[in-house]
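Chemist: Just coords.cif, nothing more (mmCIF, C-alpha atoms and all ligand atoms):
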data_my_file
loop_
_atom_site.group_PDB
_atom_site.id
_atom_site.type_symbol
_atom_site.label_atom_id
_atom_site.label_comp_id
_atom_site.auth_asym_id
_atom_site.auth_seq_id
_atom_site.Cartn_x
_atom_site.Cartn_y
_atom_site.Cartn_z
ATOM 1 C CA MET A 26 -15.789 111.475 189.735
ATOM 2 C CA LEU A 27 -16.942 114.349 187.596
ATOM 3 C CA GLY A 28 -19.010 117.040 189.178
ATOM 4 C CA LEU A 29 -20.446 120.429 188.611
ATOM 5 C CA PHE A 30 -17.622 122.303 190.311
ATOM 6 C CA SER A 31 -13.876 122.178 190.876
ATOM 7 C CA LYS A 32 -14.514 120.422 194.157
ATOM 8 C CA ILE A 33 -17.246 120.060 196.728
ATOM 9 C CA ILE A 34 -18.030 123.561 197.888
ATOM 10 C CA GLN A 35 -19.370 125.019 201.075
ATOM 11 C CA PRO A 36 -22.382 127.334 200.883
ATOM 12 C CA LYS A 37 -21.520 131.024 200.339
ATOM 13 C CA LYS A 38 -17.928 130.255 199.392
ATOM 14 C CA SER A 39 -16.152 130.409 196.051
ATOM 15 C CA CYS A 40 -16.515 127.311 193.888
ATOM 16 C CA GLN A 41 -12.997 127.461 192.533
ATOM 17 C CA THR A 42 -9.950 125.632 193.847
ATOM 18 C CA LYS A 43 -7.258 127.643 195.539
ATOM 19 C CA PRO A 44 -4.048 127.864 193.557
ATOM 20 C CA THR A 45 -1.503 125.314 194.716
ATOM 21 C CA LEU A 46 2.128 124.761 193.819
ATOM 22 C CA PRO A 47 3.053 125.520 190.200
ATOM 23 C CA VAL A 48 4.682 122.083 190.065
ATOM 24 C CA LYS A 49 1.254 120.467 190.391
ATOM 25 C CA ILE A 50 -0.046 122.579 187.527
ATOM 26 C CA LEU A 51 2.957 121.719 185.366
ATOM 27 C CA LYS A 52 2.558 118.013 186.172
ATOM 28 C CA ASN A 53 -1.071 118.060 185.063
ATOM 29 C CA ILE A 54 -0.263 119.921 181.872
ATOM 30 C CA PHE A 55 2.691 117.597 181.219
ATOM 31 C CA TRP A 56 0.522 114.464 181.274
ATOM 32 C CA GLY A 57 -2.103 116.039 179.045
ATOM 33 C CA LEU A 58 0.577 116.933 176.494
ATOM 34 C CA VAL A 59 2.266 113.503 176.682
ATOM 35 C CA ILE A 60 -0.998 111.705 176.032
ATOM 36 C CA ALA A 61 -1.967 114.171 173.311
ATOM 37 C CA THR A 62 1.427 113.682 171.626
ATOM 38 C CA LEU A 63 1.016 109.907 171.730
ATOM 39 C CA GLY A 64 -2.313 110.400 169.988
ATOM 40 C CA MET A 65 -0.606 112.266 167.158
ATOM 41 C CA THR A 66 1.621 109.256 166.452
ATOM 42 C CA LYS A 67 -1.288 106.913 165.799
ATOM 43 C CA SER A 68 -2.456 106.320 162.266
ATOM 44 C CA ASN A 69 -5.556 108.077 161.009
ATOM 45 C CA SER A 70 -7.309 104.782 160.276
ATOM 46 C CA GLN A 71 -6.786 103.582 163.862
ATOM 47 C CA THR A 72 -7.993 106.879 165.201
ATOM 48 C CA GLU A 73 -11.117 106.915 163.083
ATOM 49 C CA LYS A 74 -11.901 103.322 164.028
ATOM 50 C CA ALA A 75 -11.389 103.928 167.728
ATOM 51 C CA SER A 76 -13.377 107.115 167.880
ATOM 52 C CA HIS A 77 -16.174 105.972 165.567
ATOM 53 C CA GLY A 78 -19.539 106.826 167.018
ATOM 54 C CA GLN A 79 -18.036 108.549 170.015
ATOM 55 C CA ALA A 80 -19.091 111.999 170.906
ATOM 56 C CA GLN A 81 -16.187 114.231 169.935
ATOM 57 C CA SER A 82 -16.398 116.388 166.880
ATOM 58 C CA ASN A 83 -15.417 119.763 165.615
ATOM 59 C CA SER A 84 -19.000 120.876 166.055
ATOM 60 C CA ASP A 85 -18.044 121.064 169.727
ATOM 61 C CA ASN A 86 -15.737 123.971 168.987
ATOM 62 C CA ASN A 87 -18.663 126.188 169.911
ATOM 63 C CA ILE A 88 -16.818 126.148 173.215
ATOM 64 C CA VAL A 89 -13.803 127.865 171.707
ATOM 65 C CA ASN A 90 -15.903 130.915 170.912
ATOM 66 C CA CYS A 91 -17.672 131.525 174.193
ATOM 67 C CA GLY A 92 -15.289 130.697 177.052
ATOM 68 C CA HIS A 93 -11.885 131.876 178.274
ATOM 69 C CA LEU A 94 -9.039 132.769 175.877
ATOM 70 C CA LEU A 95 -7.087 129.701 177.033
ATOM 71 C CA ASP A 96 -9.980 127.375 176.168
ATOM 72 C CA GLY A 97 -9.238 127.434 172.418
ATOM 73 C CA PRO A 98 -5.766 125.813 172.649
ATOM 74 C CA SER A 99 -7.012 123.495 175.415
ATOM 75 C CA PHE A 100 -9.893 122.339 173.220
ATOM 76 C CA TYR A 101 -7.615 121.193 170.400
ATOM 77 C CA ILE A 102 -5.121 119.479 172.745
ATOM 78 C CA LYS A 103 -8.054 117.735 174.429
ATOM 79 C CA GLN A 104 -9.238 116.264 171.123
ATOM 80 C CA LEU A 105 -5.794 114.709 170.559
ATOM 81 C CA GLU A 106 -5.710 113.367 174.100
ATOM 82 C CA ASN A 107 -9.168 111.790 173.651
ATOM 83 C CA LYS A 108 -8.169 110.052 170.427
ATOM 84 C CA SER A 109 -4.983 108.769 171.995
ATOM 85 C CA LEU A 110 -6.754 107.344 175.046
ATOM 86 C CA ASP A 111 -9.360 105.664 172.848
ATOM 87 C CA ASN A 112 -6.580 104.064 170.815
ATOM 88 C CA MET A 113 -4.639 102.855 173.831
ATOM 89 C CA PHE A 114 -7.398 101.342 175.957
ATOM 90 C CA THR A 115 -10.776 99.669 175.798
ATOM 91 C CA LEU A 116 -13.001 99.268 178.847
ATOM 92 C CA THR A 117 -15.507 96.420 178.974
ATOM 93 C CA LYS A 118 -18.979 96.822 180.454
ATOM 94 C CA LEU A 119 -17.920 94.579 183.356
ATOM 95 C CA GLN A 120 -14.836 96.693 184.077
ATOM 96 C CA LYS A 121 -16.944 99.862 184.120
ATOM 97 C CA GLN A 122 -19.425 98.216 186.508
ATOM 98 C CA GLN A 123 -16.590 97.090 188.810
ATOM 99 C CA ILE A 124 -15.159 100.615 189.016
ATOM 100 C CA GLY A 125 -18.615 102.167 189.489
ATOM 101 C CA LYS A 126 -19.468 99.710 192.265
ATOM 102 C CA ALA A 127 -16.150 100.269 194.047
ATOM 103 C CA ASN A 128 -16.631 104.027 193.861
ATOM 104 C CA TYR A 129 -20.229 103.772 195.127
ATOM 105 C CA LYS A 130 -18.937 101.868 198.175
ATOM 106 C CA GLN A 131 -16.435 104.677 198.776
ATOM 107 C CA VAL A 132 -19.169 107.309 198.575
ATOM 108 C CA ILE A 133 -21.576 105.535 200.971
ATOM 109 C CA LYS A 134 -18.732 104.907 203.427
ATOM 110 C CA LYS A 135 -18.140 108.664 203.712
ATOM 111 C CA ASN A 136 -21.673 110.025 203.191
ATOM 112 C CA LYS A 137 -25.216 109.419 204.357
ATOM 113 C CA LEU A 138 -27.662 108.709 201.513
ATOM 114 C CA LEU A 139 -31.308 109.735 202.022
ATOM 115 C CA ASN A 140 -34.583 108.145 200.928
ATOM 116 C CA GLU A 141 -36.591 111.171 202.046
ATOM 117 C CA PHE A 142 -35.555 114.684 201.028
ATOM 118 C CA GLN A 143 -36.827 118.144 200.175
ATOM 119 C CA ASN A 144 -39.146 118.372 197.165
ATOM 120 C CA LYS A 145 -38.768 114.629 196.527
ATOM 121 C CA THR A 146 -41.640 114.225 194.051
ATOM 122 C CA ASN A 147 -40.506 117.079 191.797
ATOM 123 C CA VAL A 148 -36.849 116.049 191.973
ATOM 124 C CA LEU A 149 -37.614 112.437 191.007
ATOM 125 C CA GLN A 150 -39.982 113.552 188.252
ATOM 126 C CA THR A 151 -37.285 115.841 186.798
ATOM 127 C CA PHE A 152 -34.790 112.986 186.918
ATOM 128 C CA GLU A 153 -37.265 110.695 185.101
ATOM 129 C CA ASN A 154 -37.848 113.338 182.392
ATOM 130 C CA ILE A 155 -34.120 113.778 181.826
ATOM 131 C CA LYS A 156 -33.457 110.017 181.793
ATOM 132 C CA LYS A 157 -36.285 109.414 179.320
ATOM 133 C CA ASN A 158 -34.990 112.012 176.866
ATOM 134 C CA ALA A 159 -31.347 110.988 177.208
ATOM 135 C CA LYS A 160 -32.174 107.687 175.472
ATOM 136 C CA SER A 161 -28.899 106.341 176.843
ATOM 137 C CA SER A 162 -27.743 102.747 177.177
ATOM 138 C CA THR A 163 -26.455 103.707 180.651
ATOM 139 C CA GLN A 164 -28.764 102.845 183.573
ATOM 140 C CA PHE A 165 -28.742 106.078 185.573
ATOM 141 C CA LYS A 166 -29.296 105.978 189.329
ATOM 142 C CA LEU A 167 -29.911 109.091 191.444
ATOM 143 C CA HIS A 168 -28.564 109.290 195.015
ATOM 144 C CA ILE A 169 -29.230 112.119 197.470
ATOM 145 C CA ILE A 170 -26.470 112.838 199.992
ATOM 146 C CA ALA A 171 -27.267 114.521 203.324
ATOM 147 C CA SER A 172 -24.844 117.458 203.242
ATOM 148 C CA LYS A 173 -24.929 121.240 203.452
ATOM 149 C CA ASP A 174 -22.283 121.356 200.730
ATOM 150 C CA ILE A 175 -23.622 122.434 197.365
ATOM 151 C CA ASN A 176 -22.585 119.822 194.870
ATOM 152 C CA ALA A 177 -23.550 117.358 192.158
ATOM 153 C CA PHE A 178 -21.288 114.717 190.693
ATOM 154 C CA THR A 179 -21.387 111.508 188.743
ATOM 155 C CA MET A 180 -19.408 108.306 188.465
ATOM 156 C CA ILE A 181 -18.886 105.602 185.887
ATOM 157 C CA GLY A 182 -21.690 103.038 186.047
ATOM 158 C CA GLY A 183 -24.435 105.701 185.884
ATOM 159 C CA HIS A 184 -24.423 106.875 189.502
ATOM 160 C CA ILE A 185 -25.481 110.527 189.893
ATOM 161 C CA TYR A 186 -25.184 112.173 193.313
ATOM 162 C CA LEU A 187 -26.835 115.415 194.503
ATOM 163 C CA THR A 188 -26.460 116.977 197.937
ATOM 164 C CA THR A 189 -29.356 118.312 199.982
ATOM 165 C CA GLY A 190 -27.365 121.581 200.012
ATOM 166 C CA LEU A 191 -27.724 121.766 196.249
ATOM 167 C CA LEU A 192 -31.460 121.012 196.416
ATOM 168 C CA SER A 193 -31.852 123.971 198.802
ATOM 169 C CA TYR A 194 -29.709 126.219 196.597
ATOM 170 C CA ILE A 195 -31.655 125.829 193.349
ATOM 171 C CA ASP A 196 -34.675 128.027 192.645
ATOM 172 C CA SER A 197 -36.414 125.947 189.983
ATOM 173 C CA MET A 198 -36.692 122.513 188.419
ATOM 174 C CA ASP A 199 -35.281 124.155 185.257
ATOM 175 C CA GLU A 200 -31.987 124.635 187.091
ATOM 176 C CA LEU A 201 -32.093 121.048 188.343
ATOM 177 C CA ALA A 202 -32.898 119.696 184.867
ATOM 178 C CA PHE A 203 -29.822 121.462 183.493
ATOM 179 C CA ILE A 204 -27.641 120.100 186.331
ATOM 180 C CA LEU A 205 -28.890 116.527 185.799
ATOM 181 C CA GLY A 206 -28.437 116.951 182.040
ATOM 182 C CA HIS A 207 -24.854 118.105 182.684
ATOM 183 C CA GLU A 208 -24.109 114.948 184.715
ATOM 184 C CA VAL A 209 -25.683 112.703 182.056
ATOM 185 C CA GLY A 210 -23.513 114.555 179.529
ATOM 186 C CA HIS A 211 -20.338 113.358 181.273
ATOM 187 C CA HIS A 212 -21.450 109.789 180.486
ATOM 188 C CA GLU A 213 -22.675 110.379 176.960
ATOM 189 C CA LYS A 214 -19.515 112.285 176.000
ATOM 190 C CA LEU A 215 -17.339 109.465 177.429
ATOM 191 C CA HIS A 216 -15.596 111.751 179.945
ATOM 192 C CA LEU A 217 -15.778 109.186 182.748
ATOM 193 C CA GLU A 218 -14.410 106.381 180.619
ATOM 194 C CA ARG A 219 -11.532 108.514 179.441
ATOM 195 C CA LYS A 220 -10.691 109.615 182.970
ATOM 196 C CA VAL A 221 -10.283 105.945 183.917
ATOM 197 C CA LYS A 222 -8.178 105.363 180.790
ATOM 198 C CA LYS A 223 -5.986 108.345 181.709
ATOM 199 C CA ILE A 224 -5.289 106.870 185.118
ATOM 200 C CA MET A 225 -4.457 103.555 183.437
ATOM 201 C CA ALA A 226 -2.082 105.367 181.075
ATOM 202 C CA THR A 227 -0.212 107.259 183.775
ATOM 203 C CA SER A 228 -0.022 104.831 186.641
ATOM 204 C CA THR A 229 1.130 101.424 187.708
ATOM 205 C CA PHE A 230 -2.377 100.199 186.915
ATOM 206 C CA PHE A 231 -1.358 99.968 183.270
ATOM 207 C CA GLY A 232 -2.742 96.624 182.093
ATOM 208 C CA ALA A 233 -4.821 96.106 185.233
ATOM 209 C CA THR A 234 -7.478 93.438 184.932
ATOM 210 C CA GLY A 235 -8.567 92.423 188.435
ATOM 211 C CA ALA A 236 -11.331 93.886 190.575
ATOM 212 C CA GLU A 237 -8.775 94.944 193.183
ATOM 213 C CA GLU A 238 -6.903 97.128 190.696
ATOM 214 C CA PHE A 239 -10.143 98.707 189.500
ATOM 215 C CA ALA A 240 -11.117 99.461 193.087
ATOM 216 C CA LYS A 241 -7.837 101.376 193.391
ATOM 217 C CA ILE A 242 -8.624 103.245 190.207
ATOM 218 C CA ALA A 243 -12.045 104.126 191.636
ATOM 219 C CA ILE A 244 -10.330 105.747 194.629
ATOM 220 C CA ASP A 245 -7.874 107.582 192.395
ATOM 221 C CA LEU A 246 -10.713 108.983 190.317
ATOM 222 C CA ASN A 247 -11.564 111.282 193.187
ATOM 223 C CA SER A 248 -8.166 112.895 193.353
ATOM 224 C CA LYS A 249 -6.206 112.689 190.111
ATOM 225 C CA PHE A 250 -5.873 115.200 187.292
ATOM 226 C CA SER A 251 -6.955 118.760 187.073
ATOM 227 C CA ALA A 252 -5.284 119.858 183.867
ATOM 228 C CA PRO A 253 -6.912 122.853 182.191
ATOM 229 C CA PHE A 254 -7.725 120.542 179.258
ATOM 230 C CA ASP A 255 -10.246 118.794 181.495
ATOM 231 C CA GLN A 256 -12.200 122.046 181.723
ATOM 232 C CA ILE A 257 -13.219 121.294 178.122
ATOM 233 C CA ASN A 258 -15.192 118.306 179.469
ATOM 234 C CA GLU A 259 -17.208 120.688 181.651
ATOM 235 C CA TYR A 260 -18.104 122.929 178.716
ATOM 236 C CA GLU A 261 -19.108 119.839 176.725
ATOM 237 C CA ALA A 262 -21.268 118.535 179.580
ATOM 238 C CA ASP A 263 -22.861 122.009 179.888
ATOM 239 C CA GLU A 264 -23.635 122.058 176.166
ATOM 240 C CA TYR A 265 -25.085 118.539 176.330
ATOM 241 C CA GLY A 266 -27.049 119.354 179.514
ATOM 242 C CA PHE A 267 -28.446 122.496 177.875
ATOM 243 C CA GLU A 268 -29.750 120.536 174.875
ATOM 244 C CA LEU A 269 -31.091 117.633 176.954
ATOM 245 C CA ALA A 270 -32.921 119.831 179.490
ATOM 246 C CA LYS A 271 -34.339 121.944 176.642
ATOM 247 C CA LYS A 272 -35.520 118.803 174.820
ATOM 248 C CA SER A 273 -37.132 117.639 178.085
ATOM 249 C CA GLY A 274 -39.301 120.763 178.126
ATOM 250 C CA TYR A 275 -37.547 122.961 180.689
ATOM 251 C CA ASP A 276 -37.076 126.735 180.382
ATOM 252 C CA VAL A 277 -33.633 127.546 178.932
ATOM 253 C CA ASN A 278 -33.769 131.053 180.412
ATOM 254 C CA ASN A 279 -33.321 129.600 183.908
ATOM 255 C CA PHE A 280 -30.457 127.187 183.150
ATOM 256 C CA ALA A 281 -27.709 129.728 183.841
ATOM 257 C CA ASP A 282 -29.185 130.842 187.188
ATOM 258 C CA PHE A 283 -26.859 128.477 188.967
ATOM 259 C CA PHE A 284 -23.726 130.062 187.488
ATOM 260 C CA LYS A 285 -25.086 133.578 188.029
ATOM 261 C CA LYS A 286 -25.296 132.864 191.768
ATOM 262 C CA LEU A 287 -21.834 131.277 191.886
ATOM 263 C CA GLU A 288 -20.011 133.944 189.913
ATOM 264 C CA LYS A 289 -20.863 136.600 192.496
ATOM 265 C CA ASN A 290 -18.074 135.204 194.712
ATOM 266 C CA GLU A 291 -15.738 134.196 191.927
ATOM 267 C CA LYS A 292 -12.128 135.344 191.732
ATOM 268 C CA ARG A 293 -10.509 135.232 188.299
ATOM 269 C CA SER A 294 -6.771 134.814 187.687
ATOM 270 C CA ILE A 295 -4.536 132.862 185.312
ATOM 271 C CA LEU A 296 -3.198 130.765 188.204
ATOM 272 C CA ILE A 297 -6.703 129.738 189.257
ATOM 273 C CA LYS A 298 -7.605 129.039 185.630
ATOM 274 C CA LEU A 299 -4.579 126.775 185.114
ATOM 275 C CA ASN A 300 -5.092 124.864 188.336
ATOM 276 C CA SER A 301 -8.821 124.317 188.227
ATOM 277 C CA THR A 302 -10.753 121.260 187.061
ATOM 278 C CA HIS A 303 -13.653 123.512 186.094
ATOM 279 C CA PRO A 304 -14.028 126.692 184.001
ATOM 280 C CA PHE A 305 -15.004 129.980 185.616
ATOM 281 C CA SER A 306 -18.748 130.142 186.302
ATOM 282 C CA SER A 307 -18.927 133.458 184.434
ATOM 283 C CA ASP A 308 -17.494 131.800 181.285
ATOM 284 C CA ARG A 309 -19.932 128.906 181.589
ATOM 285 C CA ARG A 310 -22.827 131.348 181.991
ATOM 286 C CA LYS A 311 -21.693 133.223 178.857
ATOM 287 C CA CYS A 312 -21.667 129.948 176.877
ATOM 288 C CA LEU A 313 -25.214 129.095 177.982
ATOM 289 C CA GLU A 314 -26.344 132.575 176.955
ATOM 290 C CA LYS A 315 -24.758 131.986 173.548
ATOM 291 C CA TYR A 316 -26.615 128.690 173.154
ATOM 292 C CA ILE A 317 -29.896 130.465 173.993
ATOM 293 C CA ALA A 318 -29.154 133.194 171.421
ATOM 294 C CA ASN A 319 -28.452 130.543 168.764
HETATM 295 ZN ZN ZN B 1 -19.178 118.408 185.447
#
Mind converting the file's structure to structure tokens?
Modeler:
Amino acid sequence: MLGLFSKIIQPKKSCQTKPTLPVKILKNIFWGLVIATLGMTKSNSQTEKASHGQAQSNSDNNIVNCGHLLDGPSFYIKQLENKSLDNMFTLTKLQKQQIGKANYKQVIKKNKLLNEFQNKTNVLQTFENIKKNAKSSTQFKLHIIASKDINAFTMIGGHIYLTTGLLSYIDSMDELAFILGHEVGHHEKLHLERKVKKIMATSTFFGATGAEEFAKIAIDLNSKFSAPFDQINEYEADEYGFELAKKSGYDVNNFADFFKKLEKNEKRSILIKLNSTHPFSSDRRKCLEKYIAN
């Protein structure tokens, strides 16, 4: 699962995870470095073949210049990790569907999905506009969860989930277009696929082929990995969401409103930075402002 925040948040509370034991942080960093190092041992020809046509390039190093000081080193380690994962594993369309379906069953077991919700017509129209302009081979499906929590997240197989708390929190369809664009970005930039591959690389599911194993992976997707390198995925999804929502005709000046509201309650520290799945809202807002200026 890849969402807009570090974890599902309650209204009026900070969106960042609380720092936990340093050992957890070190474990996350360790796996990122192991996978990145494995990537360095692969031949260039293999790497180029595996990553051909996939959305990672040095043009993305925009991120290095607008976020936190630690994001620069994380960005470069992340590129190595991506190449390594792409070399080690391939996921078929059927495997992705199996994981997506298993995860969807998990979500509906724990949450109530709604057919009727606030501002339905405008929300669905915004989703259609974003889908149309994404021109993706993924079949995106929007689900609305009845919850006061403010959150949006997405899962392999094209499932995008928004809470009713989030729909109440946004002030414009511009904000929503950016959020939906961000979630689509996680698919188009292969973040979801690589998260599955990372679990395969670091668990007993190595070599898994059956639906049962993929169902276990789907459960693990909700809890594993929060290395600072994964914050790079969030910047990339923000950059993609910015471009997609802009292309769909929404006002770029309102895209950062979401982060402006969140950063009011944000606490910044190195420990939080190292232990969070998501960058600080203030850094994300600064990046969006840079994209507007450019
Ligand atoms: Zn995200």
Chemist: Report as a PyMOL selection string the residues that result from applying the PyMOL selection byres (((not hetatm)) within 10 of (chain B and resi 1)) to the structure here.
Modeler: chain A and resi 26-31+177-179+204-211+216+255-263+266+302-304
Chemist: One number please: CA of Asn290 in chain A to CA of Ile195 in chain A, in Å, one decimal.
Modeler: 16.6 Å
Chemist: Select, from A:Ser162, A:Ile155, A:Glu106, A:Val132, the residue with the minimum atom-to-atom distance to Lys118 in chain A, counting all atoms listed in the file.
Modeler: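 For Lys118 in chain A, the nearest of the candidates is A:Ser162.
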Chemist: Name the closest residue to Phe267 in chain A among the candidates A:Cys312, A:Leu95, A:Leu138, A:Ile169; distances are taken between atoms, counting all atoms listed in the file.
Modeler: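 Result for the nearest residue to Phe267 in chain A: A:Cys312.
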Chemist: Between A:Phe254, A:Ser307, A:Lys134, A:Ile317, which has the minimum distance to Ser99 in chain A (counting only C-alpha atoms)?
Modeler: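 For Ser99 in chain A, the nearest of the candidates is A:Phe254.
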Chemist: Under the rule that all atoms listed in the file are counted, which of A:Ser273, A:Ile224, A:Phe305, A:Ile297 is the nearest residue to Met113 in chain A?
Modeler: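 Answer, going by the shortest atom-to-atom distance: A:Ile224.
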Chemist: Nearest to Gln143 in chain A among A:Lys271, A:Ser306, A:Asn279, A:Ser193, with distances taken over only C-alpha atoms: which residue is it?
Modeler: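 Among the listed residues, the smallest separation from Gln143 in chain A belongs to A:Ser193.
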Chemist: Find the residues near Glu314 in chain A: any atom within 12 Å, counting all atoms listed in the file, skip ones fewer than 2 places away on the same chain, and give them as a list in words.
Modeler: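 Using all atoms listed in the file, the neighbours found are Cys91, Gly92, Asp263, Glu264, Phe267, Val277, Asn278, Asn279, Phe280, Ala281, Asp282, Phe284, Lys285, Ser307, Asp308, Arg309, Arg310, Lys311, Cys312, Tyr316, Ile317, Ala318 and Asn319 of chain A.
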Chemist: Which one of A:Lys103, A:Phe283, A:Asn147, A:Lys130 sits closest to Asp196 in chain A if you count only C-alpha atoms?
Modeler: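 Residue with the minimum atom-to-atom distance to Asp196 in chain A: A:Phe283.
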